[in-house]
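Report on the following structure.
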Amino acid sequence: MLRVFTATVSLILILVFPVAWSSGEDEDPSVARAKKILREVDDMWRGTSSHSVLTMQVKTVHYTRDMRMEGWSLGKDMTLVRILSPLKDKGLSTLKSGNDIYSYLPKTDRTIKLSSHMMMSSWMGSHFTNDDLVKESRMEEDYDPTISYEGIRDGQEVIEFTLIPKPDAPVVWGKIVATVLADGYMPVKYLYYDEDMLISRTMTFSRFEMLGERIRPKVMRVVPSDKPEEYTELVYEELELDIDLDEDFFSISSLKRM
Amino acid sequence: MRTLKIASRNVFRNWHRTLVTTAAMGFAGFIMILFASLMEGLLQGSERNAVSMDLGDIQIHAPDYREDPDLYKVISDPDRILADLKKAGFHAAKRLYGFGLAASGATSAGVQLRGIDLSNESDVTQINRHVLKGKWLEESDPSGVVIGRKLARTLGVDIGDELIFVGQATDGSMANDIYTVKGILKSVGEEVDRAGLYMQDSAFRELMVLPEGAHEIAVMRPDRSTDLIAATSKVADIAPGCETLNWRELMPVIARILDLADSQMIIMVIITYTAVAMLVLNAMLMTVFERIRELGIMKAVGVKPWQIMMLVYAETFMQVLAASIIAGVSGIALSRYFEHNGIDLSSLAEGASFGGVAVDPIWRAHLTAESVAVPIVFLFIIAFLSVLYPAIKAAVIQPVRAIHHR
């Protein structure tokens, strides 16, 4: 449920993904370098604030959905997504503020806060969960990155990072393997492993085109490993970074006003 | 006849001892009868809660629905199955299940949504009469919902309050709507109490975008004393390609507890009666030893050993018979009392459950022929066994040595 929510927000968040990696002072230099690059990947996507318009296609064995949505973010803790179409879901809005997710339901004119029960359920029918939305901004706190490969792969110079969860981190993944282009630090592929270290889902980035004044991947596709015929694909139409937004914009009351 | 006469004389000779022995046996029997009927009441209450409030006798599901309850796994032709079941004399109702979040104000909780076929459900279960507060669902009010009591407490809602449901519909869209709490159920079982959200099936179908099919068909036999297994296979024939299970298979824990109840009862009886057996053994040994010269004379004048045994047994029989009458009369009387005036446990064990089935807060006894017969029959068996040693002792007495005994 709330799949829409998760998907939209996740799209934005995940594109922006490896959120600001801070470096401790007494760290291994390769760990420090891994954090620095991942932080750069993240900064490229998120900026201090962002506004985007994107479409999402979800294909499952039961349905195919096409949605269009608009999203805003500020810092790494605040994200707001509103559904533009289809008509049935128009106006549905999701607000992520820190670790909380709120959903505005235009049909009932009510805003609800998602309880922990809902965290592992789908956002807006997509292959993202609400938990993805929340956890995305905690990557740095929850995982230790190392560079596990550097060199040519499929004709491209890439850097591969392995992100291992910290011992007591409240995460669902066993590890994440992220492949980033060495030139420009653009994400190519993220592999999410479950606790048994089997690939659980694959996220690939494509269509490296001009977007928001520089080249970025416009398309992100997530394929769950247990259902390879299904996918969720996000396509950026517009992206503006470092725009003028303040925290009030991300309040529960503004959810409704939109 | 003469044996009985002599026996009764002996029984009354030391009437203090007889009284104590008989009273102890009678009391033990009385306790066991009361215990048996209270246990029976508890078990029947649990079975009733499981079967008549929720499960029904037999359930039909799509093949692997139970392992992985998925909104899409429906019985494709529920109406045909329903019609055939009715033709075969069964009561049956369609049910729909979904999962999601119910929210009220700032609180929310995960819920199991249940779409109820109102016109048929009341033939299958009595859930419609199990409402604690407010009313059951009504055809005329599609936005009214009935919820479990713990869920009501979690959400802090009462009759007339609004409730928002959010979930995922079959088309991937966000199912969401606003409902009014119409009723709060009495305790049914953990699942329903904590997460049950009942609405009528038409409202469910619209909310979850599920125009066809059903997740479950619950079936009830018109006469519950008929053979469950035969009925199950009859229902399975009507619903080919589906999984058909009866309540014993659906709730094996409860079924096993019920099955074990009889042997548990017998173990309890044996433990309690062991104490009684020692008392009887002691009393009868004493009567034998204090009459040892008398018994020696009887043997000397030609009374056969088996006649002496008969005598001791006759004495025991009289006492056990008196004890049984005491036990039966008082046990039945008190069990009857607790049948009509249950023991109120609501302050002690509110919302208690075992095996996921709610226990009624009012504990009533249920008196059956078995709960009276088992304690009494065992009383006789135990007394006769324990008197075996004194009886043999008396029978094999040597007349000469007995007469000189002092």
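Chain labels A, B, ... are given in the sequence in which chains occur in the structure tokens; within each chain residues are numbered consecutively from 1, and ligands are likewise numbered from 1 in the order shown.
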Return the neighbours of chain B among the residues of chain A, cut-off 10 Å, counting only C-alpha atoms, as a PyMOL selection string. chain A and resi 1-5+58-60+62-65+86+88-89+92+103+105-118+121-126
Next, write the just-selected residues to a file, as an mmCIF file, in the first residue's frame, keeping C-alpha atoms as the atom set.
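Dumped to out33.cif:
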```cif
data_model
loop_
_atom_site.group_PDB
_atom_site.id
_atom_site.type_symbol
_atom_site.label_atom_id
_atom_site.label_comp_id
_atom_site.auth_asym_id
_atom_site.auth_seq_id
_atom_site.Cartn_x
_atom_site.Cartn_y
_atom_site.Cartn_z
ATOM 1 C CA MET A 1 0.000 0.000 0.000
ATOM 2 C CA LEU A 2 1.077 3.491 -0.011
ATOM 3 C CA ARG A 3 3.053 2.135 -2.824
ATOM 4 C CA VAL A 4 2.558 5.249 -4.766
ATOM 5 C CA PHE A 5 3.934 7.158 -1.967
ATOM 6 C CA VAL A 58 4.906 -0.036 -12.566
ATOM 7 C CA LYS A 59 4.491 -3.377 -14.210
ATOM 8 C CA THR A 60 3.429 -6.387 -12.190
ATOM 9 C CA HIS A 62 -1.525 -8.143 -12.004
ATOM 10 C CA TYR A 63 -1.415 -4.609 -13.338
ATOM 11 C CA THR A 64 0.503 -1.945 -15.189
ATOM 12 C CA ARG A 65 0.255 1.579 -13.875
ATOM 13 C CA PRO A 86 -4.019 9.244 -13.104
ATOM 14 C CA LYS A 88 -8.068 8.431 -9.435
ATOM 15 C CA ASP A 89 -4.929 9.167 -7.461
ATOM 16 C CA LEU A 92 -2.428 12.005 -3.214
ATOM 17 C CA SER A 103 0.036 10.667 3.500
ATOM 18 C CA LEU A 105 -5.721 11.391 1.016
ATOM 19 C CA PRO A 106 -7.776 13.828 -1.076
ATOM 20 C CA LYS A 107 -10.738 11.441 -1.260
ATOM 21 C CA THR A 108 -11.225 11.615 2.485
ATOM 22 C CA ASP A 109 -9.521 14.979 2.983
ATOM 23 C CA ARG A 110 -7.457 13.446 5.778
ATOM 24 C CA THR A 111 -3.761 13.179 6.490
ATOM 25 C CA ILE A 112 -2.509 10.034 8.135
ATOM 26 C CA LYS A 113 0.834 9.121 9.557
ATOM 27 C CA LEU A 114 2.086 5.740 8.476
ATOM 28 C CA SER A 115 2.662 3.323 11.297
ATOM 29 C CA SER A 116 5.535 0.902 11.447
ATOM 30 C CA HIS A 117 3.230 -1.819 10.071
ATOM 31 C CA MET A 118 3.206 -0.094 6.751
ATOM 32 C CA SER A 121 4.555 -2.385 2.190
ATOM 33 C CA SER A 122 4.652 -0.992 -1.272
ATOM 34 C CA TRP A 123 4.558 2.688 -2.013
ATOM 35 C CA MET A 124 1.868 3.533 -4.584
ATOM 36 C CA GLY A 125 1.816 0.014 -5.984
ATOM 37 C CA SER A 126 5.463 0.143 -6.990
#
```
Near Met32 in chain B, counting only C-alpha atoms, which residues have an atom at most 9 Å away, once you skip same-chain residues fewer than 3 positions from it, shown as an NGL selection string? :B and (27-29 or 35-37 or 265 or 268-269 or 272 or 327 or 331 or 371-372 or 374-376)
Print the selection's residues with C-alpha atoms to a file, as a PDB file, in the first residue's frame.
```
ATOM      1  CA  PHE B  27     -15.852 -35.313  48.497  1.00  0.00           C
ATOM      2  CA  ALA B  28     -13.223 -36.439  46.007  1.00  0.00           C
ATOM      3  CA  GLY B  29     -15.953 -37.627  43.654  1.00  0.00           C
ATOM      4  CA  PHE B  35     -13.976 -30.155  37.697  1.00  0.00           C
ATOM      5  CA  ALA B  36     -15.096 -32.255  34.738  1.00  0.00           C
ATOM      6  CA  SER B  37     -18.136 -30.132  34.018  1.00  0.00           C
ATOM      7  CA  MET B 265      -9.557 -35.720  32.875  1.00  0.00           C
ATOM      8  CA  MET B 268      -6.624 -35.840  37.101  1.00  0.00           C
ATOM      9  CA  VAL B 269      -9.066 -38.426  38.417  1.00  0.00           C
ATOM     10  CA  THR B 272      -6.922 -37.315  43.109  1.00  0.00           C
ATOM     11  CA  ALA B 327     -20.701 -37.076  45.053  1.00  0.00           C
ATOM     12  CA  GLY B 331     -21.615 -32.528  42.058  1.00  0.00           C
ATOM     13  CA  SER B 371     -18.541 -35.752  33.467  1.00  0.00           C
ATOM     14  CA  VAL B 372     -20.642 -37.529  36.118  1.00  0.00           C
ATOM     15  CA  VAL B 374     -16.218 -40.982  34.734  1.00  0.00           C
ATOM     16  CA  PRO B 375     -15.544 -39.815  38.325  1.00  0.00           C
ATOM     17  CA  ILE B 376     -18.012 -42.323  39.788  1.00  0.00           C
TER      18      ILE B 376
END
```
Please identify the helix (DSSP H, G or I) residues within range 190-405 of chain B (assignment by DSSP from backbone atoms) and present them as an MDAnalysis selection string. chainID B and resid 190:195 201:208 228:238 247:250 252:290 292:300 305:340 369:386 388:395 399:403
Which is closer to Lys36 in chain A than all the others in A:Leu95, A:Ile147, A:Met119, A:Met78, using only C-alpha atoms? A:Ile147
Which polymer residues have any atom within 8 Å of an atom of Glu40 in chain B, counting only C-alpha atoms, with same-chain residues fewer than 6 positions away left out, as a count of residues only? 4
Please provide the set of residues having any atom within 10 Å of Lys133 in chain B, restricted to only C-alpha atoms, with same-chain residues fewer than 2 positions apart removed, written as a PyMOL selection string. chain B and resi 130-131+135-136+146+149+158-159+182-186
Asp196 in chain A: which residues within 12 Å, counting only C-alpha atoms, same-chain residues fewer than 3 positions away excluded, as a PyMOL selection string? chain A and resi 172-175+192-193+199-200
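Relative to CA of Ala231 in chain B, CA of Leu258 in chain B is found at 19.9 Å.
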Do you know which residues are at most 7 Å from range 7-13 of chain B counting only C-alpha atoms, after dropping those on the same chain fewer than 3 positions away, and could you put them as a list in words?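 Answer for this query is Thr3, Leu4, Thr18, Leu311, Ala314 and Glu315 of chain B.
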If we count only C-alpha atoms and set the cut-off at 6 Å, which residues sit around range 228-245 of chain A, ignoring sequence neighbours fewer than 3 positions away in its own chain? Please answer as an mmCIF file with N, CA and C atoms, in the first residue's frame.
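Output file result_14.cif is given in full below:
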```cif
data_model
loop_
_atom_site.group_PDB
_atom_site.id
_atom_site.type_symbol
_atom_site.label_atom_id
_atom_site.label_comp_id
_atom_site.auth_asym_id
_atom_site.auth_seq_id
_atom_site.Cartn_x
_atom_site.Cartn_y
_atom_site.Cartn_z
ATOM 1 N N GLY A 47 21.435 18.117 -4.220
ATOM 2 C CA GLY A 47 21.656 19.535 -3.999
ATOM 3 C C GLY A 47 21.170 19.908 -2.620
ATOM 4 N N THR A 48 21.043 21.186 -2.365
ATOM 5 C CA THR A 48 20.496 21.580 -1.065
ATOM 6 C C THR A 48 18.985 21.478 -1.096
ATOM 7 N N SER A 49 18.421 21.649 -2.296
ATOM 8 C CA SER A 49 16.978 21.464 -2.447
ATOM 9 C C SER A 49 16.725 21.082 -3.891
ATOM 10 N N SER A 50 15.554 20.533 -4.141
ATOM 11 C CA SER A 50 15.269 20.119 -5.520
ATOM 12 C C SER A 50 13.781 20.184 -5.827
ATOM 13 N N HIS A 51 13.502 20.269 -7.116
ATOM 14 C CA HIS A 51 12.125 20.180 -7.603
ATOM 15 C C HIS A 51 12.172 19.321 -8.851
ATOM 16 N N SER A 52 11.287 18.356 -8.959
ATOM 17 C CA SER A 52 11.342 17.489 -10.130
ATOM 18 C C SER A 52 9.944 17.073 -10.568
ATOM 19 N N VAL A 53 9.859 16.688 -11.827
ATOM 20 C CA VAL A 53 8.628 16.101 -12.347
ATOM 21 C C VAL A 53 9.045 14.780 -12.962
ATOM 22 N N LEU A 54 8.354 13.739 -12.619
ATOM 23 C CA LEU A 54 8.734 12.457 -13.187
ATOM 24 C C LEU A 54 7.534 11.572 -13.457
ATOM 25 N N THR A 55 7.775 10.569 -14.271
ATOM 26 C CA THR A 55 6.727 9.587 -14.521
ATOM 27 C C THR A 55 7.206 8.258 -13.957
ATOM 28 N N MET A 56 6.242 7.473 -13.575
ATOM 29 C CA MET A 56 6.579 6.160 -13.024
ATOM 30 C C MET A 56 5.719 5.119 -13.704
ATOM 31 N N GLN A 57 6.384 4.092 -14.184
ATOM 32 C CA GLN A 57 5.603 2.983 -14.726
ATOM 33 C C GLN A 57 5.867 1.766 -13.844
ATOM 34 N N VAL A 58 4.784 1.167 -13.392
ATOM 35 C CA VAL A 58 4.906 -0.036 -12.566
ATOM 36 C C VAL A 58 4.285 -1.174 -13.342
ATOM 37 N N LYS A 59 5.061 -2.220 -13.523
ATOM 38 C CA LYS A 59 4.491 -3.377 -14.210
ATOM 39 C C LYS A 59 4.581 -4.562 -13.263
ATOM 40 N N THR A 60 3.443 -5.166 -12.993
ATOM 41 C CA THR A 60 3.429 -6.387 -12.190
ATOM 42 C C THR A 60 2.607 -7.411 -12.954
ATOM 43 N N SER A 126 4.191 0.364 -6.300
ATOM 44 C CA SER A 126 5.463 0.143 -6.990
ATOM 45 C C SER A 126 6.291 -0.911 -6.261
ATOM 46 N N HIS A 127 7.523 -1.106 -6.733
ATOM 47 C CA HIS A 127 8.418 -2.049 -6.076
ATOM 48 C C HIS A 127 9.268 -1.382 -5.004
ATOM 49 N N GLY A 212 18.702 19.126 -15.622
ATOM 50 C CA GLY A 212 19.091 20.062 -14.568
ATOM 51 C C GLY A 212 20.508 20.568 -14.770
ATOM 52 N N LYS A 218 18.567 9.685 -16.733
ATOM 53 C CA LYS A 218 17.171 10.115 -16.642
ATOM 54 C C LYS A 218 16.250 8.987 -16.192
ATOM 55 N N VAL A 219 16.702 7.772 -16.398
ATOM 56 C CA VAL A 219 15.820 6.637 -16.150
ATOM 57 C C VAL A 219 16.400 5.743 -15.061
ATOM 58 N N MET A 220 15.542 5.341 -14.161
ATOM 59 C CA MET A 220 15.952 4.394 -13.145
ATOM 60 C C MET A 220 14.940 3.261 -13.141
ATOM 61 N N ARG A 221 15.450 2.036 -13.170
ATOM 62 C CA ARG A 221 14.534 0.903 -13.217
ATOM 63 C C ARG A 221 14.877 -0.078 -12.098
ATOM 64 N N VAL A 222 13.853 -0.504 -11.405
ATOM 65 C CA VAL A 222 14.048 -1.466 -10.321
ATOM 66 C C VAL A 222 13.378 -2.769 -10.702
ATOM 67 N N VAL A 223 14.119 -3.859 -10.595
ATOM 68 C CA VAL A 223 13.563 -5.174 -10.907
ATOM 69 C C VAL A 223 13.745 -6.072 -9.685
ATOM 70 N N PRO A 224 12.635 -6.584 -9.133
ATOM 71 C CA PRO A 224 12.777 -7.520 -8.010
ATOM 72 C C PRO A 224 13.280 -8.869 -8.521
ATOM 73 N N SER A 225 14.237 -9.470 -7.826
ATOM 74 C CA SER A 225 14.846 -10.705 -8.328
ATOM 75 C C SER A 225 13.884 -11.886 -8.333
#
```
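Separating CA of Ser76 in chain B from CA of Arg224 in chain B is a distance of 28.2 Å.
Per DSSP on the backbone, strand (DSSP E or B) in range 83-116 of chain A comprises Ile83, Leu84, Ser85, Ser93, Thr94, Leu95, Lys96, Ser97, Asp100, Ile101, Tyr102, Ser103, Tyr104, Leu105, Arg110, Thr111, Ile112 and Lys113 of chain A.
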Using only C-alpha atoms, can you tell me which of B:Leu43, B:Val320, B:Ile238, B:Leu137 comes closest to Lys87 in chain B?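 Smallest distance to Lys87 in chain B is found for B:Ile238.
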